[in-house]
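Structure first, commentary second.
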Amino acid sequence: MDRLSNTVRPYAWGSTTAIPDLLGTAPTGEPQAEMWMGAHPGAPSLVDRGTGEQPLSAVIEAAPEAELGEAAVRKFGPRLPFLLKILAAGAPLSLQVHPDLARAREGYAAEEARGVPLDAPHRTYKDANHKPELICALTPFEGLCGFRAPAESADTLAALEVDSLKPYVDLLHAHPEEAALREVLTAVLTADRTETAATVTAAAAAAERLGGAYAPYAGLAHHYPGDPGVIAAMLLNHVRLQPGEALFLGAGVPHAYLSGLGVEIMANSDNVLRCGLTPKHVDVPELLRIVRFEAGDPGILRPEASSPDGEELYDTPIDEFRLSRHVLAPGAAPRTLPSATPQILLCTAGRVSAGALTLAPGESAFVPAGESARLSGTGTLFRATVVA
């Protein structure tokens with residue numbers, strides 16, 4: 001079992017205080033957006049097995065079956081197929097969507113064949129993998145997830161009383177669900193940017209005046225003035241998670257995180273297609289090919305007991321990751337974790353001992369396949385693994 005040394009990414013939207021508060025460290029004054037735990041090549045965790053720190057990715061590459069187990073290597077290849085994060089949103093993230101596995105493979109191959117550099121700003125597919133993800137709130141957490149019914153979005157836009165929004169209101173009323181959502185999102189993203197900026201400014205002023213349920217859209221416009229993503233956001237469900245609640249985000253579901261601290265787990269991929277709320281490239285034709293134009297409830301997940309010892313599972317239809325939670329009460333009996341698959345353990349409250357390691361909030365450990373981990377102490381521990 002290895003204690004992990006993890007990288008904190010300083011993206012501009014990150015909170016300056018949430019991750020330091022969790023870790024019990026002093027804020028630096030700079031944004032601290034994500035702490036990565038795993039073997040992603042962009043910022044792999046470091047481990048020390050007596051010869052100095054080395055990347056977890058290199059440890060796995062040197063002996064994949066010993067670290068991951070034969071079943072996981074057979075199913076996912078010689079790599080850890082998930083990335084675990086602490087995510088701290090102090091400002092809204094970009095409105096985005098992720099491709100399914102088939103489209104990721106096709107898109108990546110096509111851009112490779114055209115010779116588009118991986119670091120080119122207009123590159124869409126960074127790898128050939130899909131990127132389903134799960135966010136579990138540690139504090140009250142706000143986000144946008146999936147389309148609302150067209151009639152609800154029409155009412156939202158109409159209440160702003162902005163003349164340039166009326167064509168969108170009419171489209172939402174005039175067509176069946178899929179066609180209505182597709183036509184409006186297409187119109188928003190392809191409209192003249194100068195005209196759209198004026199519409200966003202007027203809509204933001206109306207949203208600020210109305211307040212209440214409209215306040216989030218005024219906030220988006222404050223962070224991204226004139227961005228068409230502000231209008232696109234009004235087509236989506238606004239979601240508030242309480243600590244312990246989660247959202248699963250599958251392929252094609254438009255979403256954005258707005259604020260809060262959470263544990264995020266995802267398949268190991270960098271494929272993001274942006275819809276707005278960003279200065280980065282928006283590939284509108286490819287985006288419209290990927291988005292699922294389906295309205296519905298975003299489906300808030302709550303952990304469900306999955307074993308007699310009290311493990312609580314966030315159930316998702318993905319094999320690349322499995323996230324569960326252990327809440328250990330004072331005086332509770334020790335728990336022994338299954339050992340067939342590789343695991344990352346993350347403490348978020350209290351002090352939890354895992355084998356010979358004691359983890360404080362924000363501290364984590366990698367447990368290779370085949371190694372037993374016995375939990376004790378008082379606190380909350382998240383367990384990330386795979387379904388192999």
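A note on labels: chains of the structure tokens are A, B, ... as shown, every chain counts residues from 1, and ligands are counted from 1 in their shown order.
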Closest pair table for segment 231-339 of chain A residues within 7 Å of segment 71-94 of chain A, only C-alpha atoms, as JSON lines:
```
{"residue": "A:Ala256", "atom": "CA", "partner": "A:Leu93", "partner_atom": "CA", "distance": 5.7}
{"residue": "A:Tyr257", "atom": "CA", "partner": "A:Leu93", "partner_atom": "CA", "distance": 5.5}
{"residue": "A:Leu258", "atom": "CA", "partner": "A:Pro92", "partner_atom": "CA", "distance": 4.0}
{"residue": "A:Ser259", "atom": "CA", "partner": "A:Ala89", "partner_atom": "CA", "distance": 4.7}
{"residue": "A:Gly260", "atom": "CA", "partner": "A:Ala89", "partner_atom": "CA", "distance": 5.3}
{"residue": "A:Leu261", "atom": "CA", "partner": "A:Ala88", "partner_atom": "CA", "distance": 4.5}
{"residue": "A:Gly262", "atom": "CA", "partner": "A:Leu87", "partner_atom": "CA", "distance": 5.3}
{"residue": "A:Val263", "atom": "CA", "partner": "A:Ile86", "partner_atom": "CA", "distance": 4.8}
{"residue": "A:Glu264", "atom": "CA", "partner": "A:Lys85", "partner_atom": "CA", "distance": 5.0}
{"residue": "A:Ile265", "atom": "CA", "partner": "A:Leu84", "partner_atom": "CA", "distance": 4.5}
{"residue": "A:Met266", "atom": "CA", "partner": "A:Leu83", "partner_atom": "CA", "distance": 5.5}
{"residue": "A:Ala267", "atom": "CA", "partner": "A:Phe82", "partner_atom": "CA", "distance": 4.5}
{"residue": "A:Asn268", "atom": "CA", "partner": "A:Phe82", "partner_atom": "CA", "distance": 4.8}
{"residue": "A:Arg274", "atom": "CA", "partner": "A:Ser94", "partner_atom": "CA", "distance": 6.6}
{"residue": "A:Gly276", "atom": "CA", "partner": "A:Ser94", "partner_atom": "CA", "distance": 6.1}
{"residue": "A:Leu277", "atom": "CA", "partner": "A:Ser94", "partner_atom": "CA", "distance": 4.7}
{"residue": "A:Thr278", "atom": "CA", "partner": "A:Ser94", "partner_atom": "CA", "distance": 5.4}
{"residue": "A:Glu320", "atom": "CA", "partner": "A:Pro81", "partner_atom": "CA", "distance": 5.5}
{"residue": "A:Phe321", "atom": "CA", "partner": "A:Phe82", "partner_atom": "CA", "distance": 5.9}
```
Take the selection from the previous step and output its residues with N, CA, C and O atoms, as an mmCIF file, in the first residue's frame.
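Written file, again.cif:
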```cif
data_model
loop_
_atom_site.group_PDB
_atom_site.id
_atom_site.type_symbol
_atom_site.label_atom_id
_atom_site.label_comp_id
_atom_site.auth_asym_id
_atom_site.auth_seq_id
_atom_site.Cartn_x
_atom_site.Cartn_y
_atom_site.Cartn_z
ATOM 1 N N ALA A 256 -22.275 21.493 -16.606
ATOM 2 C CA ALA A 256 -21.262 22.421 -16.104
ATOM 3 C C ALA A 256 -21.357 22.435 -14.588
ATOM 4 O O ALA A 256 -22.455 22.364 -14.031
ATOM 5 N N TYR A 257 -20.217 22.513 -13.932
ATOM 6 C CA TYR A 257 -20.192 22.684 -12.484
ATOM 7 C C TYR A 257 -20.095 24.176 -12.187
ATOM 8 O O TYR A 257 -19.321 24.906 -12.825
ATOM 9 N N LEU A 258 -20.866 24.628 -11.211
ATOM 10 C CA LEU A 258 -20.932 26.057 -10.912
ATOM 11 C C LEU A 258 -20.180 26.438 -9.645
ATOM 12 O O LEU A 258 -19.459 27.431 -9.621
ATOM 13 N N SER A 259 -20.372 25.660 -8.576
ATOM 14 C CA SER A 259 -19.709 25.996 -7.324
ATOM 15 C C SER A 259 -19.747 24.807 -6.383
ATOM 16 O O SER A 259 -20.638 23.969 -6.463
ATOM 17 N N GLY A 260 -18.762 24.744 -5.474
ATOM 18 C CA GLY A 260 -18.753 23.720 -4.448
ATOM 19 C C GLY A 260 -17.542 22.828 -4.500
ATOM 20 O O GLY A 260 -16.724 22.877 -5.444
ATOM 21 N N LEU A 261 -17.407 21.981 -3.472
ATOM 22 C CA LEU A 261 -16.309 21.038 -3.323
ATOM 23 C C LEU A 261 -16.842 19.626 -3.451
ATOM 24 O O LEU A 261 -17.866 19.295 -2.840
ATOM 25 N N GLY A 262 -16.162 18.783 -4.226
ATOM 26 C CA GLY A 262 -16.656 17.427 -4.412
ATOM 27 C C GLY A 262 -15.545 16.447 -4.736
ATOM 28 O O GLY A 262 -14.407 16.828 -5.058
ATOM 29 N N VAL A 263 -15.886 15.167 -4.642
ATOM 30 C CA VAL A 263 -15.025 14.079 -5.106
ATOM 31 C C VAL A 263 -15.496 13.701 -6.502
ATOM 32 O O VAL A 263 -16.679 13.387 -6.694
ATOM 33 N N GLU A 264 -14.600 13.737 -7.464
ATOM 34 C CA GLU A 264 -14.943 13.408 -8.846
ATOM 35 C C GLU A 264 -14.131 12.199 -9.285
ATOM 36 O O GLU A 264 -12.949 12.084 -8.973
ATOM 37 N N ILE A 265 -14.791 11.306 -10.006
ATOM 38 C CA ILE A 265 -14.091 10.163 -10.596
ATOM 39 C C ILE A 265 -14.532 10.039 -12.042
ATOM 40 O O ILE A 265 -15.695 10.298 -12.376
ATOM 41 N N MET A 266 -13.593 9.665 -12.902
ATOM 42 C CA MET A 266 -13.883 9.613 -14.334
ATOM 43 C C MET A 266 -13.014 8.571 -15.009
ATOM 44 O O MET A 266 -11.980 8.161 -14.473
ATOM 45 N N ALA A 267 -13.455 8.153 -16.180
ATOM 46 C CA ALA A 267 -12.587 7.327 -17.013
ATOM 47 C C ALA A 267 -11.392 8.170 -17.442
ATOM 48 O O ALA A 267 -11.489 9.393 -17.599
ATOM 49 N N ASN A 268 -10.258 7.540 -17.641
ATOM 50 C CA ASN A 268 -8.996 8.229 -17.894
ATOM 51 C C ASN A 268 -8.968 8.800 -19.309
ATOM 52 O O ASN A 268 -8.476 8.163 -20.240
ATOM 53 N N ARG A 274 -16.637 21.531 -25.818
ATOM 54 C CA ARG A 274 -17.207 22.657 -25.092
ATOM 55 C C ARG A 274 -18.374 23.262 -25.850
ATOM 56 O O ARG A 274 -18.353 23.366 -27.072
ATOM 57 N N GLY A 276 -19.794 26.281 -24.450
ATOM 58 C CA GLY A 276 -19.810 27.694 -24.097
ATOM 59 C C GLY A 276 -19.240 27.902 -22.715
ATOM 60 O O GLY A 276 -18.699 26.983 -22.098
ATOM 61 N N LEU A 277 -19.330 29.149 -22.236
ATOM 62 C CA LEU A 277 -18.751 29.555 -20.957
ATOM 63 C C LEU A 277 -17.252 29.293 -20.966
ATOM 64 O O LEU A 277 -16.686 28.769 -20.011
ATOM 65 N N THR A 278 -16.625 29.680 -22.049
ATOM 66 C CA THR A 278 -15.194 29.413 -22.207
ATOM 67 C C THR A 278 -14.619 30.287 -23.316
ATOM 68 O O THR A 278 -15.314 30.595 -24.293
ATOM 69 N N GLU A 320 -15.164 1.091 -15.796
ATOM 70 C CA GLU A 320 -13.843 1.703 -15.574
ATOM 71 C C GLU A 320 -13.688 2.263 -14.167
ATOM 72 O O GLU A 320 -12.559 2.448 -13.693
ATOM 73 N N PHE A 321 -14.791 2.579 -13.512
ATOM 74 C CA PHE A 321 -14.683 3.039 -12.131
ATOM 75 C C PHE A 321 -15.886 2.595 -11.310
ATOM 76 O O PHE A 321 -16.971 2.356 -11.824
#
```
Give me, as a PyMOL selection string, the residues of segment 96-266 of chain A that a backbone DSSP run labels strand (DSSP E). chain A and resi 96-97+133-137+141-147+236-241+246-249+255-266
Based on DSSP run over this structure's backbone, return all residues of segment 84-292 of chain A in alpha helix (DSSP H), as JSON, numbers by chain. {"A": [101, 102, 103, 104, 105, 106, 107, 108, 109, 110, 111, 112, 113, 114, 150, 151, 152, 153, 154, 155, 156, 157, 158, 159, 166, 167, 168, 169, 170, 171, 172, 173, 174, 177, 178, 179, 180, 181, 182, 183, 184, 185, 186, 187, 188, 189, 190, 193, 194, 195, 196, 197, 198, 199, 200, 201, 202, 203, 204, 205, 206, 207, 208, 209, 210, 215, 216, 217, 218, 219, 220, 221, 222, 223, 229, 230, 231, 232, 233, 284, 285, 286, 287, 288, 289, 290]}
Those selected residues, please, written with C-alpha atoms and delivered as a compact mmCIF listing (two decimals), in the first residue's frame.
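As written to disk, selection-v4.txt reads:
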```txt
# COMPACT_ATOMS: atom_id res chain seq x y z
CA LEU A 101 -16.35 5.32 -26.80
CA ALA A 102 -17.09 4.67 -30.47
CA ARG A 103 -17.11 8.36 -31.39
CA ALA A 104 -13.96 9.02 -29.35
CA ARG A 105 -12.12 6.33 -31.30
CA GLU A 106 -13.40 7.62 -34.65
CA GLY A 107 -12.69 11.27 -33.86
CA TYR A 108 -9.21 10.60 -32.50
CA ALA A 109 -8.26 8.48 -35.51
CA ALA A 110 -9.56 11.12 -37.93
CA GLU A 111 -7.59 13.95 -36.31
CA GLU A 112 -4.47 11.79 -36.16
CA ALA A 113 -4.86 11.01 -39.87
CA ARG A 114 -5.14 14.75 -40.63
CA PRO A 150 -38.56 22.49 -23.93
CA ALA A 151 -41.71 24.07 -22.47
CA GLU A 152 -39.90 24.80 -19.20
CA SER A 153 -36.99 26.39 -21.03
CA ALA A 154 -39.41 28.42 -23.14
CA ASP A 155 -41.04 29.77 -20.00
CA THR A 156 -37.65 30.66 -18.53
CA LEU A 157 -36.59 32.58 -21.63
CA ALA A 158 -39.98 34.27 -22.06
CA ALA A 159 -39.97 35.60 -18.50
CA LYS A 166 -38.47 35.32 -28.65
CA PRO A 167 -37.43 33.28 -31.73
CA TYR A 168 -35.94 30.68 -29.38
CA VAL A 169 -39.15 30.63 -27.35
CA ASP A 170 -41.16 30.04 -30.52
CA LEU A 171 -38.86 27.19 -31.63
CA LEU A 172 -39.15 25.50 -28.25
CA HIS A 173 -42.94 25.58 -28.51
CA ALA A 174 -43.19 24.67 -32.19
CA GLU A 177 -38.56 17.68 -28.02
CA GLU A 178 -35.45 16.53 -29.86
CA ALA A 179 -35.91 18.86 -32.80
CA ALA A 180 -36.72 21.83 -30.56
CA LEU A 181 -33.64 21.39 -28.39
CA ARG A 182 -31.38 20.77 -31.37
CA GLU A 183 -32.63 23.79 -33.31
CA VAL A 184 -32.35 26.18 -30.39
CA LEU A 185 -28.87 25.07 -29.31
CA THR A 186 -27.72 25.26 -32.93
CA ALA A 187 -29.18 28.74 -33.32
CA VAL A 188 -27.58 29.96 -30.09
CA LEU A 189 -24.10 28.66 -30.97
CA THR A 190 -24.10 29.81 -34.60
CA ARG A 193 -21.42 36.91 -31.81
CA THR A 194 -22.00 40.67 -31.59
CA GLU A 195 -25.78 40.20 -31.61
CA THR A 196 -25.51 37.30 -29.15
CA ALA A 197 -23.42 39.41 -26.78
CA ALA A 198 -26.13 42.07 -26.72
CA THR A 199 -28.77 39.40 -26.05
CA VAL A 200 -26.73 37.94 -23.21
CA THR A 201 -26.23 41.38 -21.66
CA ALA A 202 -29.96 42.09 -21.75
CA ALA A 203 -30.83 38.60 -20.46
CA ALA A 204 -28.32 38.90 -17.61
CA ALA A 205 -29.76 42.24 -16.51
CA ALA A 206 -33.25 40.73 -16.50
CA ALA A 207 -32.03 37.66 -14.60
CA GLU A 208 -30.40 39.86 -11.96
CA ARG A 209 -33.61 41.87 -11.62
CA LEU A 210 -35.76 38.75 -11.26
CA ALA A 215 -29.70 34.35 -10.15
CA PRO A 216 -27.37 31.58 -11.44
CA TYR A 217 -27.68 32.91 -15.00
CA ALA A 218 -26.78 36.42 -13.90
CA GLY A 219 -23.75 34.88 -12.19
CA LEU A 220 -22.73 33.06 -15.37
CA ALA A 221 -22.91 36.28 -17.36
CA HIS A 222 -20.78 38.02 -14.75
CA HIS A 223 -18.02 35.44 -15.25
CA GLY A 229 -23.20 29.59 -23.23
CA VAL A 230 -25.23 31.77 -20.85
CA ILE A 231 -28.29 31.28 -23.07
CA ALA A 232 -27.48 27.59 -23.62
CA ALA A 233 -27.34 27.16 -19.84
CA VAL A 284 -20.02 23.31 -33.15
CA PRO A 285 -20.53 20.65 -35.87
CA GLU A 286 -18.87 17.92 -33.78
CA LEU A 287 -20.64 19.09 -30.65
CA LEU A 288 -24.05 18.81 -32.33
CA ARG A 289 -23.13 15.30 -33.43
CA ILE A 290 -22.32 14.27 -29.84
```
Near Pro303 of chain A, counting only C-alpha atoms, which residues have an atom at most 7 Å away, once you skip same-chain residues fewer than 5 positions from it, shown as JSON, numbers by chain? {"A": [312, 313, 314]}
Could you write out that same residue set with C-alpha atoms as a PDB file, in the first residue's frame?
```pdb
ATOM      1  CA  GLU A 312     -22.177   2.565   0.482  1.00  0.00           C
ATOM      2  CA  LEU A 313     -22.063   2.418  -3.312  1.00  0.00           C
ATOM      3  CA  TYR A 314     -22.747   5.105  -5.927  1.00  0.00           C
TER       4      TYR A 314
END
```
Go through A:Thr378, A:Thr139, A:Thr25, A:Asn271 and flag the residue nearest Gly362 of chain A, using only C-alpha atoms for the distances. A:Thr25
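Comparing the minimum interatomic distances between Arg325 of chain A and each of A:Pro254, A:Gly370, A:Gly379, A:Pro44, counting only C-alpha atoms, we find that A:Gly379 sits nearest.
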From the list A:Asp309, A:Glu142, A:Glu245, A:Glu67, the nearest residue to Ala39 of chain A using only C-alpha atoms is A:Glu67
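Taking atom CA of Ser164 of chain A and atom CA of Cys275 of chain A as endpoints, the distance between them is 20.1 Å.
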